[in-house]
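Colleague: Following this line is start-v4.cif, made up of mmCIF, C-alpha atoms and all ligand atoms:
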data_input
loop_
_atom_site.label_atom_id
_atom_site.label_comp_id
_atom_site.auth_asym_id
_atom_site.auth_seq_id
_atom_site.Cartn_x
_atom_site.Cartn_y
_atom_site.Cartn_z
CA MET V 1 -1.07 -1.96 -2.38
CA ALA V 2 -2.23 -3.32 -5.68
CA THR V 3 -2.28 -7.05 -6.10
CA SER V 4 -0.54 -8.92 -8.82
CA LEU V 5 -1.62 -9.56 -12.34
CA ALA V 6 0.13 -12.75 -13.19
CA ASN V 7 1.85 -13.69 -10.01
CA THR V 8 2.64 -12.32 -6.62
CA THR V 9 5.85 -10.66 -7.71
CA PHE V 10 4.26 -8.28 -10.17
CA PHE V 11 4.56 -5.16 -8.10
CA SER V 12 6.82 -5.94 -5.26
CA LYS V 13 9.06 -8.73 -4.32
CA THR V 14 8.14 -10.25 -1.07
CA CYS V 15 11.52 -11.77 -0.40
CA SER V 16 13.75 -8.77 -0.87
CA LEU V 17 14.23 -5.14 -0.11
CA PHE V 18 13.82 -4.23 -3.72
CA ILE V 19 10.70 -3.02 -5.27
CA HIS V 20 10.26 -4.71 -8.60
CA THR V 21 11.72 -2.27 -11.03
CA ASN V 22 9.49 -2.66 -14.04
CA SER V 23 6.90 -1.35 -11.70
CA LEU V 24 6.49 2.37 -11.54
CA LYS V 25 7.35 2.11 -7.89
CA ARG V 26 11.01 2.03 -8.70
CA PHE V 27 11.48 5.60 -7.67
CA ALA V 28 9.27 5.27 -4.67
CA PHE V 29 12.19 4.99 -2.32
CA ARG V 30 12.49 7.00 0.81
CA VAL V 31 15.30 4.89 2.14
CA PRO V 32 18.68 5.71 0.66
CA PHE V 33 20.46 2.95 -1.17
CA SER V 34 22.51 0.92 1.20
CA SER V 35 25.69 -0.64 -0.07
CA THR V 36 24.98 -3.87 1.75
CA SER V 37 21.83 -4.53 -0.23
CA THR V 38 22.99 -4.28 -3.84
CA SER V 39 26.26 -4.30 -5.64
CA THR V 40 27.53 -0.99 -6.93
CA SER V 41 30.14 -2.52 -9.15
CA PRO V 42 29.39 -3.56 -12.71
CA LEU V 43 28.88 -7.19 -13.54
CA PRO V 44 32.37 -8.58 -13.95
CA LEU V 45 32.62 -9.49 -17.60
CA LYS V 46 35.35 -11.90 -18.45
CA LYS V 47 35.00 -11.30 -22.13
CA LYS V 48 35.43 -7.86 -23.67
CA TRP V 49 32.09 -6.38 -24.49
CA ARG V 50 31.44 -6.68 -28.17
CA PRO V 51 29.20 -4.30 -30.09
CA PRO V 52 26.20 -5.81 -31.85
CA ALA V 53 25.97 -6.33 -35.57
CA ALA V 54 24.19 -3.14 -36.64
CA SER V 55 26.74 -0.60 -37.81
CA ALA V 56 24.70 2.50 -37.13
CA LEU V 57 21.56 3.45 -35.32
CA GLU V 58 19.16 6.05 -36.48
CA LEU V 59 17.47 7.50 -33.47
CA GLY V 60 15.86 10.82 -32.83
CA GLY V 61 16.56 11.69 -36.44
CA VAL V 62 20.28 11.54 -35.79
CA LYS V 63 22.40 8.87 -37.29
CA MET V 64 24.80 7.64 -34.69
CA ALA V 65 27.81 5.63 -35.72
CA LYS V 66 28.34 2.52 -33.68
CA ASP V 67 31.72 3.83 -32.63
CA ASP V 68 30.13 6.91 -31.16
CA ILE V 69 27.91 4.84 -28.95
CA VAL V 70 30.04 1.95 -27.94
CA ARG V 71 33.02 2.77 -25.84
CA ASP V 72 35.19 0.07 -24.50
CA ASP V 73 34.66 1.36 -21.04
CA PRO V 74 35.24 -0.81 -17.98
CA THR V 75 31.98 0.49 -16.51
CA ASN V 76 29.94 -0.74 -19.47
CA ASN V 77 27.41 -3.32 -18.32
CA VAL V 78 25.25 -3.49 -21.47
CA PRO V 79 25.21 -7.01 -22.91
CA ASP V 80 24.67 -7.67 -26.61
CA THR V 81 21.17 -9.03 -25.93
CA ILE V 82 20.18 -5.57 -24.72
CA PHE V 83 22.16 -3.52 -27.19
CA THR V 84 20.42 -5.24 -30.09
CA LYS V 85 17.06 -3.95 -28.80
CA LEU V 86 18.12 -0.35 -29.40
CA GLY V 87 16.32 1.11 -32.37
CA MET V 88 13.63 -1.60 -32.53
CA GLN V 89 11.03 0.90 -31.38
CA LEU V 90 8.03 -1.41 -30.92
CA HIS V 91 6.04 1.69 -29.98
CA LYS V 92 6.26 2.91 -33.57
CA ARG V 93 4.57 -0.17 -35.04
CA ASN V 94 0.91 0.53 -35.62
CA GLN V 95 0.04 -3.16 -35.75
CA HIS V 96 1.81 -4.11 -32.58
CA PRO V 97 0.09 -4.00 -29.17
CA ILE V 98 2.56 -1.41 -27.87
CA GLY V 99 2.04 0.86 -30.89
CA ILE V 100 -1.73 0.34 -30.77
CA LEU V 101 -1.82 1.36 -27.13
CA LYS V 102 0.35 4.41 -27.80
CA ASN V 103 -2.04 5.44 -30.57
CA ALA V 104 -5.08 4.93 -28.31
CA ILE V 105 -3.53 7.23 -25.70
CA TYR V 106 -2.72 9.78 -28.40
CA GLU V 107 -6.37 9.59 -29.48
CA TYR V 108 -7.48 10.48 -25.96
CA PHE V 109 -5.19 13.51 -25.80
CA ASP V 110 -6.01 14.61 -29.35
CA SER V 111 -9.74 14.56 -28.81
CA ASN V 112 -9.75 16.09 -25.33
CA TYR V 113 -6.91 18.58 -25.79
CA PRO V 114 -6.80 19.30 -29.54
CA ASN V 115 -3.35 20.43 -30.71
CA LYS V 116 -2.14 20.91 -27.19
CA PHE V 117 0.43 18.17 -26.60
CA ASN V 118 3.62 17.88 -28.63
CA LYS V 119 4.44 14.25 -29.21
CA PHE V 120 7.90 12.70 -29.19
CA ASP V 121 8.54 9.06 -29.91
CA ASP V 122 12.01 8.84 -31.33
CA LEU V 123 14.26 10.44 -28.76
CA CYS V 124 17.48 8.52 -28.41
CA PRO V 125 17.39 6.09 -25.44
CA ILE V 126 21.09 6.64 -24.79
CA VAL V 127 21.19 9.57 -22.39
CA SER V 128 23.56 11.13 -19.90
CA VAL V 129 23.55 10.35 -16.21
CA LYS V 130 22.63 14.01 -15.82
CA GLN V 131 19.49 13.67 -17.97
CA ASN V 132 18.40 10.36 -16.46
CA PHE V 133 19.00 11.22 -12.81
CA ASP V 134 20.36 14.67 -11.91
CA ASP V 135 17.93 16.71 -14.00
CA VAL V 136 14.98 15.02 -12.31
CA LEU V 137 16.49 15.36 -8.84
CA VAL V 138 17.20 11.67 -8.21
CA PRO V 139 19.41 11.68 -5.07
CA ALA V 140 23.07 10.76 -5.46
CA ASP V 141 22.61 7.66 -3.28
CA HIS V 142 19.36 6.45 -4.87
CA VAL V 143 19.21 2.73 -5.63
CA SER V 144 18.20 3.32 -9.25
CA ARG V 145 21.66 4.77 -9.99
CA SER V 146 23.48 1.55 -9.14
CA TYR V 147 25.13 -0.62 -11.76
CA ASN V 148 22.93 -3.38 -10.44
CA ASP V 149 19.77 -1.59 -11.59
CA THR V 150 20.77 0.53 -14.58
CA TYR V 151 22.61 -0.16 -17.82
CA TYR V 152 25.67 2.07 -18.10
CA VAL V 153 27.33 2.60 -21.48
CA ASP V 154 30.10 4.39 -19.63
CA SER V 155 30.29 6.11 -16.27
CA GLN V 156 28.46 9.20 -17.58
CA THR V 157 26.07 7.58 -20.06
CA VAL V 158 23.16 5.21 -19.51
CA LEU V 159 20.32 3.54 -21.36
CA ARG V 160 17.46 5.65 -20.02
CA CYS V 161 15.59 3.86 -17.26
CA HIS V 162 12.53 6.08 -17.61
CA THR V 163 11.13 8.58 -20.07
CA SER V 164 11.39 11.21 -17.32
CA ALA V 165 14.99 11.54 -18.56
CA HIS V 166 13.65 13.94 -21.22
CA GLN V 167 11.47 16.11 -18.99
CA ALA V 168 13.92 18.84 -18.12
CA GLU V 169 15.20 19.49 -21.64
CA LEU V 170 11.78 19.42 -23.27
CA LEU V 171 10.39 21.76 -20.62
CA LYS V 172 12.73 24.46 -21.89
CA GLU V 173 10.97 24.48 -25.26
CA HIS V 174 7.51 23.00 -24.70
CA ASN V 175 4.64 23.48 -22.30
CA HIS V 176 2.68 20.29 -22.94
CA PHE V 177 4.20 17.10 -24.25
CA LEU V 178 4.05 13.31 -24.44
CA VAL V 179 7.23 11.23 -24.74
CA THR V 180 7.05 7.56 -25.68
CA GLY V 181 10.08 5.32 -25.77
CA ASP V 182 11.89 2.16 -24.86
CA VAL V 183 13.40 2.14 -21.38
CA TYR V 184 15.97 -0.23 -19.90
CA ARG V 185 16.33 -1.70 -16.44
CA ARG V 186 18.42 -4.52 -15.08
CA ASP V 187 15.96 -6.81 -13.42
CA SER V 188 14.99 -10.30 -12.42
CA ILE V 189 13.08 -12.63 -14.75
CA ASP V 190 9.43 -13.58 -14.76
CA SER V 191 6.41 -13.38 -17.04
CA THR V 192 5.83 -9.67 -16.42
CA HIS V 193 9.41 -8.37 -16.30
CA TYR V 194 11.75 -7.81 -19.19
CA PRO V 195 14.87 -5.61 -19.18
CA VAL V 196 13.50 -3.48 -22.02
CA PHE V 197 10.01 -2.10 -21.92
CA HIS V 198 8.13 1.02 -22.99
CA GLN V 199 6.88 4.06 -21.17
CA MET V 200 4.88 7.13 -21.99
CA GLU V 201 5.54 10.33 -20.13
CA GLY V 202 3.19 13.30 -20.08
CA VAL V 203 3.95 16.82 -18.87
CA SER V 204 1.71 19.87 -18.80
CA ILE V 205 2.41 23.32 -17.39
CA PHE V 206 0.09 26.07 -16.17
CA TYR V 207 0.23 29.85 -15.74
CA PRO V 208 -0.79 31.99 -12.75
CA ASP V 209 -3.94 33.28 -14.45
CA GLU V 210 -5.18 29.69 -14.78
CA TRP V 211 -5.07 28.79 -11.09
CA GLY V 212 -6.02 32.39 -10.25
CA ALA V 213 -9.22 32.11 -12.27
CA ALA V 214 -10.07 28.86 -10.52
CA GLY V 215 -9.41 30.44 -7.12
CA LEU V 216 -7.04 27.66 -6.21
CA ASP V 217 -3.50 27.38 -4.95
CA ALA V 218 -1.09 26.48 -7.79
CA THR V 219 -0.29 22.98 -6.54
CA GLU V 220 -3.92 22.18 -5.81
CA TYR V 221 -4.89 23.35 -9.25
CA ALA V 222 -2.27 21.20 -10.98
CA ALA V 223 -3.12 18.14 -8.87
CA LYS V 224 -6.81 18.51 -9.65
CA ASP V 225 -6.19 18.89 -13.38
CA LEU V 226 -3.82 15.93 -13.35
CA LYS V 227 -6.33 13.64 -11.66
CA ARG V 228 -9.13 14.66 -13.97
CA CYS V 229 -6.97 14.13 -17.06
CA LEU V 230 -5.74 10.69 -15.98
CA GLU V 231 -9.11 9.42 -14.78
CA GLY V 232 -10.40 10.29 -18.24
CA LEU V 233 -7.51 8.42 -19.83
CA ALA V 234 -8.18 5.32 -17.70
CA ARG V 235 -11.86 5.38 -18.73
CA HIS V 236 -10.85 5.81 -22.36
CA LEU V 237 -8.72 2.66 -22.16
CA PHE V 238 -10.65 0.48 -19.72
CA GLY V 239 -14.22 1.75 -19.85
CA ALA V 240 -16.19 2.38 -16.68
CA VAL V 241 -13.85 1.13 -13.98
CA GLU V 242 -13.47 1.75 -10.27
CA MET V 243 -10.34 3.83 -9.54
CA ARG V 244 -8.39 5.00 -6.55
CA TRP V 245 -5.50 7.37 -5.91
CA VAL V 246 -2.65 6.25 -3.71
CA ASP V 247 -0.07 8.64 -2.25
CA THR V 248 3.50 7.73 -3.05
CA TYR V 249 6.94 9.23 -3.49
CA PHE V 250 8.96 10.16 -6.56
CA PRO V 251 12.01 12.45 -6.40
CA PHE V 252 10.66 14.61 -9.22
CA THR V 253 7.08 15.24 -8.06
CA ASN V 254 5.43 16.46 -4.91
CA PRO V 255 2.75 15.49 -4.11
CA SER V 256 3.09 12.15 -5.91
CA TYR V 257 0.37 9.63 -6.65
CA GLU V 258 -0.34 6.31 -8.24
CA LEU V 259 -3.54 5.60 -10.03
CA GLU V 260 -5.01 2.14 -9.51
CA ILE V 261 -7.98 0.64 -11.25
CA PHE V 262 -10.08 -2.32 -10.18
CA PHE V 263 -9.76 -4.75 -13.04
CA LYS V 264 -10.61 -8.45 -13.11
CA GLU V 265 -10.95 -8.60 -9.33
CA ASN V 266 -7.61 -6.91 -8.64
CA TRP V 267 -6.32 -3.42 -7.97
CA LEU V 268 -3.93 -2.75 -10.83
CA GLU V 269 -1.39 0.03 -10.64
CA VAL V 270 -1.73 1.98 -13.86
CA LEU V 271 0.71 4.85 -13.60
CA GLY V 272 2.81 7.13 -11.40
CA CYS V 273 2.40 10.88 -11.45
CA GLY V 274 2.43 14.09 -9.47
CA VAL V 275 2.98 17.81 -9.37
CA THR V 276 6.43 18.59 -10.76
CA GLU V 277 9.03 19.71 -8.23
CA GLN V 278 9.46 23.47 -8.55
CA GLU V 279 13.23 23.09 -8.78
CA ILE V 280 12.88 21.30 -12.12
CA LEU V 281 10.71 24.09 -13.52
CA LYS V 282 13.06 26.72 -12.19
CA ARG V 283 16.07 25.15 -13.89
CA SER V 284 14.12 25.02 -17.14
CA GLY V 285 13.35 28.73 -16.96
CA LYS V 286 9.73 28.24 -15.87
CA SER V 287 9.83 29.42 -12.28
CA ASN V 288 6.48 31.20 -12.53
CA ASN V 289 4.65 28.07 -13.59
CA VAL V 290 3.34 24.92 -12.02
CA ALA V 291 3.25 21.59 -13.83
CA TRP V 292 2.12 18.00 -13.58
CA ALA V 293 3.83 14.89 -14.93
CA PHE V 294 2.91 11.25 -15.31
CA GLY V 295 4.68 8.11 -16.49
CA LEU V 296 2.98 4.89 -17.49
CA GLY V 297 4.32 1.49 -18.48
CA LEU V 298 2.88 0.39 -21.79
CA GLU V 299 3.57 -3.37 -21.46
CA ARG V 300 1.79 -3.53 -18.13
CA LEU V 301 -1.34 -2.03 -19.61
CA ALA V 302 -1.10 -3.88 -22.91
CA MET V 303 -0.86 -7.25 -21.15
CA VAL V 304 -4.16 -6.54 -19.46
CA LEU V 305 -5.94 -4.90 -22.39
CA PHE V 306 -4.96 -7.52 -24.98
CA ASP V 307 -4.82 -10.58 -22.64
CA ILE V 308 -1.13 -11.13 -23.37
CA PRO V 309 0.12 -13.67 -20.81
CA ASP V 310 3.89 -13.27 -21.11
CA ILE V 311 5.95 -10.12 -21.64
CA ARG V 312 8.38 -11.91 -23.99
CA LEU V 313 5.63 -12.18 -26.58
CA PHE V 314 5.94 -8.46 -27.37
CA TRP V 315 9.33 -9.24 -28.90
CA SER V 316 8.14 -12.23 -30.91
CA SER V 317 8.25 -12.07 -34.67
CA ASP V 318 6.20 -15.29 -34.90
CA GLU V 319 3.37 -14.69 -37.31
CA ARG V 320 0.95 -16.41 -34.96
CA PHE V 321 1.54 -13.46 -32.62
CA THR V 322 1.97 -10.54 -35.02
CA SER V 323 -0.93 -11.51 -37.29
CA GLN V 324 -3.41 -11.12 -34.44
CA PHE V 325 -2.94 -7.35 -34.28
CA LEU V 326 -3.28 -6.40 -37.92
CA GLN V 327 -6.47 -4.43 -37.28
CA GLY V 328 -4.41 -2.05 -35.18
CA GLN V 329 -7.13 -1.46 -32.62
CA LEU V 330 -7.82 -1.78 -28.93
CA GLY V 331 -10.34 -4.51 -28.14
CA ILE V 332 -8.40 -7.35 -29.74
CA LYS V 333 -7.94 -10.27 -27.36
CA PHE V 334 -4.86 -12.36 -27.90
CA LYS V 335 -5.48 -16.08 -28.47
CA PRO V 336 -2.54 -18.15 -27.27
CA PHE V 337 -1.33 -20.27 -30.16
CA SER V 338 0.58 -22.77 -28.15
CA LYS V 339 1.09 -23.99 -24.68
CA TYR V 340 4.37 -25.75 -24.66
CA PRO V 341 5.17 -27.04 -21.20
CA PRO V 342 7.86 -25.31 -19.16
CA CYS V 343 10.90 -27.29 -18.13
CA TYR V 344 12.40 -26.61 -14.71
CA LYS V 345 16.05 -26.88 -13.77
CA ASP V 346 17.45 -26.10 -10.34
CA MET V 347 20.92 -24.90 -9.49
CA SER V 348 22.49 -24.25 -6.11
CA PHE V 349 25.61 -22.34 -5.26
CA TRP V 350 27.41 -20.55 -2.46
CA ILE V 351 27.07 -16.83 -3.09
CA ASN V 352 29.78 -14.23 -2.56
CA GLU V 353 29.49 -10.64 -1.35
CA SER V 354 28.95 -9.10 -4.75
CA PHE V 355 26.26 -11.56 -5.83
CA THR V 356 22.93 -10.05 -6.93
CA GLU V 357 19.89 -11.64 -8.51
CA ASN V 358 19.96 -9.09 -11.34
CA ASN V 359 23.50 -10.17 -12.25
CA LEU V 360 22.42 -13.81 -12.20
CA CYS V 361 19.47 -13.06 -14.46
CA GLU V 362 21.68 -11.23 -16.91
CA VAL V 363 23.95 -14.25 -17.21
CA VAL V 364 20.98 -16.61 -17.66
CA ARG V 365 19.48 -14.38 -20.32
CA GLY V 366 22.86 -14.11 -22.01
CA VAL V 367 22.82 -17.89 -22.51
CA ALA V 368 19.13 -18.70 -22.93
CA GLY V 369 17.73 -15.42 -24.25
CA ASP V 370 13.95 -15.41 -24.46
CA LEU V 371 13.80 -19.14 -23.77
CA VAL V 372 14.01 -18.37 -20.07
CA GLU V 373 10.64 -17.64 -18.53
CA GLU V 374 11.44 -17.30 -14.87
CA VAL V 375 14.34 -17.40 -12.45
CA ARG V 376 13.13 -17.89 -8.92
CA LEU V 377 14.90 -18.25 -5.57
CA ILE V 378 13.49 -21.41 -4.00
CA ASP V 379 15.92 -21.99 -1.17
CA ASN V 380 18.23 -19.82 0.85
CA PHE V 381 20.26 -20.74 3.93
CA THR V 382 23.42 -19.76 5.77
CA ASN V 383 25.55 -22.49 7.34
CA GLU V 384 27.42 -22.39 10.63
CA LYS V 385 30.54 -21.04 8.83
CA GLY V 386 28.53 -18.07 7.62
CA MET V 387 28.40 -19.24 4.00
CA THR V 388 25.13 -18.54 2.22
CA SER V 389 23.66 -20.88 -0.34
CA HIS V 390 20.99 -20.01 -2.87
CA CYS V 391 18.99 -22.42 -4.94
CA TYR V 392 17.35 -20.99 -8.05
CA ARG V 393 14.74 -22.70 -10.16
CA ILE V 394 14.96 -21.75 -13.83
CA ALA V 395 11.89 -22.24 -15.99
CA TYR V 396 12.68 -22.72 -19.66
CA ARG V 397 9.86 -22.41 -22.12
CA SER V 398 9.65 -21.32 -25.70
CA MET V 399 6.69 -19.26 -26.81
CA GLU V 400 7.06 -20.65 -30.30
CA CYS V 401 8.05 -24.30 -30.28
CA SER V 402 8.72 -27.18 -27.96
CA LEU V 403 12.22 -27.66 -26.64
CA THR V 404 13.93 -31.03 -26.55
CA ASP V 405 15.57 -32.42 -23.45
CA GLU V 406 18.96 -32.14 -25.10
CA GLU V 407 18.45 -28.48 -25.92
CA ILE V 408 17.46 -27.67 -22.38
CA ASN V 409 20.26 -29.71 -20.86
CA GLU V 410 22.74 -27.90 -23.03
CA LEU V 411 21.36 -24.51 -22.02
CA GLN V 412 21.47 -25.45 -18.38
CA TRP V 413 24.99 -26.74 -18.73
CA ASN V 414 26.10 -23.44 -20.28
CA VAL V 415 24.23 -21.46 -17.66
CA ARG V 416 26.02 -23.34 -14.89
CA GLU V 417 29.38 -22.79 -16.50
CA GLN V 418 28.81 -19.07 -17.06
CA VAL V 419 27.29 -18.44 -13.66
CA GLN V 420 30.38 -19.98 -12.12
CA SER V 421 32.89 -18.11 -14.25
CA LYS V 422 31.18 -14.70 -14.47
CA LEU V 423 29.78 -14.44 -10.98
CA ASN V 424 32.59 -16.31 -9.21
CA VAL V 425 30.17 -18.36 -7.17
CA VAL V 426 30.79 -21.93 -6.09
CA LEU V 427 28.35 -24.42 -7.55
CA ARG V 428 27.09 -27.12 -5.22
N1 LIG G 1 9.52 7.99 -14.01
C1 LIG G 1 8.66 7.32 -13.07
C2 LIG G 1 9.01 5.82 -13.13
O1 LIG G 1 9.48 5.34 -14.12
C3 LIG G 1 7.18 7.55 -13.38
C4 LIG G 1 6.75 8.98 -13.19
C5 LIG G 1 6.82 9.89 -14.22
C6 LIG G 1 6.28 9.39 -11.94
C7 LIG G 1 6.43 11.20 -14.03
C8 LIG G 1 5.90 10.70 -11.75
C9 LIG G 1 5.97 11.59 -12.80
O2 LIG G 1 8.84 5.08 -12.17
#
Could you rewrite the structure in this file as structure tokens?

Modeller:
Amino acid sequence: MATSLANTTFFSKTCSLFIHTNSLKRFAFRVPFSSTSTSTSPLPLKKKWRPPAASALELGGVKMAKDDIVRDDPTNNVPDTIFTKLGMQLHKRNQHPIGILKNAIYEYFDSNYPNKFNKFDDLCPIVSVKQNFDDVLVPADHVSRSYNDTYYVDSQTVLRCHTSAHQAELLKEHNHFLVTGDVYRRDSIDSTHYPVFHQMEGVSIFYPDEWGAAGLDATEYAAKDLKRCLEGLARHLFGAVEMRWVDTYFPFTNPSYELEIFFKENWLEVLGCGVTEQEILKRSGKSNNVAWAFGLGLERLAMVLFDIPDIRLFWSSDERFTSQFLQGQLGIKFKPFSKYPPCYKDMSFWINESFTENNLCEVVRGVAGDLVEEVRLIDNFTNEKGMTSHCYRIAYRSMECSLTDEEINELQWNVREQVQSKLNVVLR
């Protein structure tokens, strides 16, 4: 298991069943989702969900009217703070760390596989449940389908939680492709997790004469090619590093692997990948082929490559952040422009059956936005009546300015009020 980058919760949460979902391990579940461990019902919203200000979104070359996207559906659990991120496409900015990293990966594929990979970076992030889950064989009871983990626009439509959502459709038309895009996951809050982040997916298919000529079995051939390609990519980005392959599980690949690199004294998980399940190829009309696929999280890598200490910075429009990347190249090291102190506030409450940490974090973010740095469970006990109390410590810190006591007290006051009314918990 790789160790953490910034803190011990980077890859997996020690205190819960859940694997931290910004990690690629999200799909690495063998155990079916159990209804006792997460809530399957949407966050109860007292207020009707209001669409954000933009009247139309232009995505994937198609102009979508707001009314086409937003349906006043009771299953909708997308808050305004998330909806406003749609269409921002950080990965298309050449002077932003996410865009720079995308371009560096493109460079690797262009120079090693000239004209081979078709590139997609403006596919609409609003996809069907079928595209996001069914098409890539995610089991019906898989945890990632729950309302606790995924943003649903309505019961059949989600904000894609991975770029794998496009695999099946693209496979019908293309043999080799890269898909970059923003992906959305309900999650807890800390310096390396944000409910919107970016992934790049790669898929490549092979024909019988290729593995025949190599004298290998189809799966072996694809796995070997995959590992060679991705080791080369890791060297392109990180230089001469020590690497290791770790077996894992994804519903859409078999065998499945993670690539880890030894970076700054830690094993860092770089990506998830594997040999595409034959069923996916078959449904895309490619039953005589074999394929590999990978998915990598761009923020994770960019934080390491550019020394960016907090994931919220990617969304900052502060010139002191944006101006540092004008050269548009890898190799830039971010110089923190401020270190305003965090301010901690604790709150305790008796939880109810439907309480989840993701729902709590959504409420906190709804009030404090990017001023919240971390929400951490610091105490948990059950009394003799069977009532369970949680105490959470909220760290408030602005990346851009210092916050006054009054501002923080007001935020905390609003958080308390909203946590009580939206989550129906009893404050202590
Ligand atoms: N979609 C996976 C994730 O987000 C990553 C992945 C992509 C794994 C392709 C294997 C193949 O966790």

Colleague: Give as a PyMOL selection string the residues surrounding ligand LIG 1 (chain G) up to a distance of 9 Å, considering only C-alpha atoms and all ligand atoms.

Modeller: chain V and resi 21-28+161-165+167+183+199-203+249-254+256-258+271-276+292-297

Colleague: What does the structure give for the distance between atom CA of His198 of chain V and atom CA of Ser317 of chain V, in Å to one decimal?

Modeller: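 One can read the atom CA of His198 of chain V to atom CA of Ser317 of chain V distance as 17.5 Å.
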
Colleague: Of the residues V:Phe334, V:Tyr207, V:Phe349, V:Phe325, which is the one nearest to Lys286 of chain V, using only C-alpha atoms?

Modeller: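 Closest candidate: V:Tyr207.
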
Colleague: At a cut-off of 12 Å from (-11.5, -1.5, -17.8) in the coordinates of the file, what residues are picked up using only C-alpha atoms, written as JSON, numbers by chain?

Modeller: {"V": [231, 232, 233, 234, 235, 236, 237, 238, 239, 240, 241, 242, 243, 260, 261, 262, 263, 264, 265, 266, 267, 268, 270, 301, 302, 304, 305, 306, 330, 331]}

Colleague: In Å, with one decimal, what is the gap from atom CA of Leu259 of chain V to atom CA of Asn103 of chain V?

Modeller: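 Atom-to-atom, atom CA of Leu259 of chain V and atom CA of Asn103 of chain V are spaced 20.6 Å apart.
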
Colleague: For Cys391 of chain V, please output as a list in words all residues within 7 Å (counting only C-alpha atoms; exclusion window: fewer than 2 positions along the same chain).

Modeller: Asp346, Met347, Ser348, Phe349, Leu377, Ile378, Asp379, Asn380, Ser389 and Arg393 of chain V

Colleague: List as a list of chain:residue names the protein and nucleic acid residues near Asp318 of chain V, meaning an atom at most 12 Å away when only C-alpha atoms are counted, but skip any in the same chain fewer than 3 places from it.

Modeller: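 Listing them by chain and then by number gives V:Arg312, V:Leu313, V:Phe314, V:Trp315, V:Phe321, V:Thr322, V:Ser323, V:Gln324, V:Pro336, V:Phe337, V:Ser338, V:Ser398, V:Met399, V:Glu400, V:Cys401.
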
Colleague: Atom CA of Asp209 of chain V and atom CA of Tyr106 of chain V are how many Å apart?

Modeller: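 Going from atom CA of Asp209 of chain V over to atom CA of Tyr106 of chain V, I get 27.4 Å.
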
Colleague: Hey, which of V:Leu178, V:Ile311, V:Val127, V:Leu230 ends up closest to Ile98 of chain V? Count all atoms listed in the file.

Modeller: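 Nearest candidate to Ile98 of chain V out of V:Leu178, V:Ile311, V:Val127, V:Leu230: V:Ile311.
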
Colleague: Which polymer residues have any atom within 10 Å of an atom of Tyr194 of chain V, counting all atoms listed in the file, with same-chain residues fewer than 5 positions away left out, as a list of chain:residue names?

Modeller: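 Those residues are V:Thr21, V:Asn22, V:Tyr184, V:Arg185, V:Arg186, V:Asp187, V:Ser188, V:Ile189, V:Glu299, V:Asp310, V:Ile311, V:Arg312, V:Asp370, V:Glu373.
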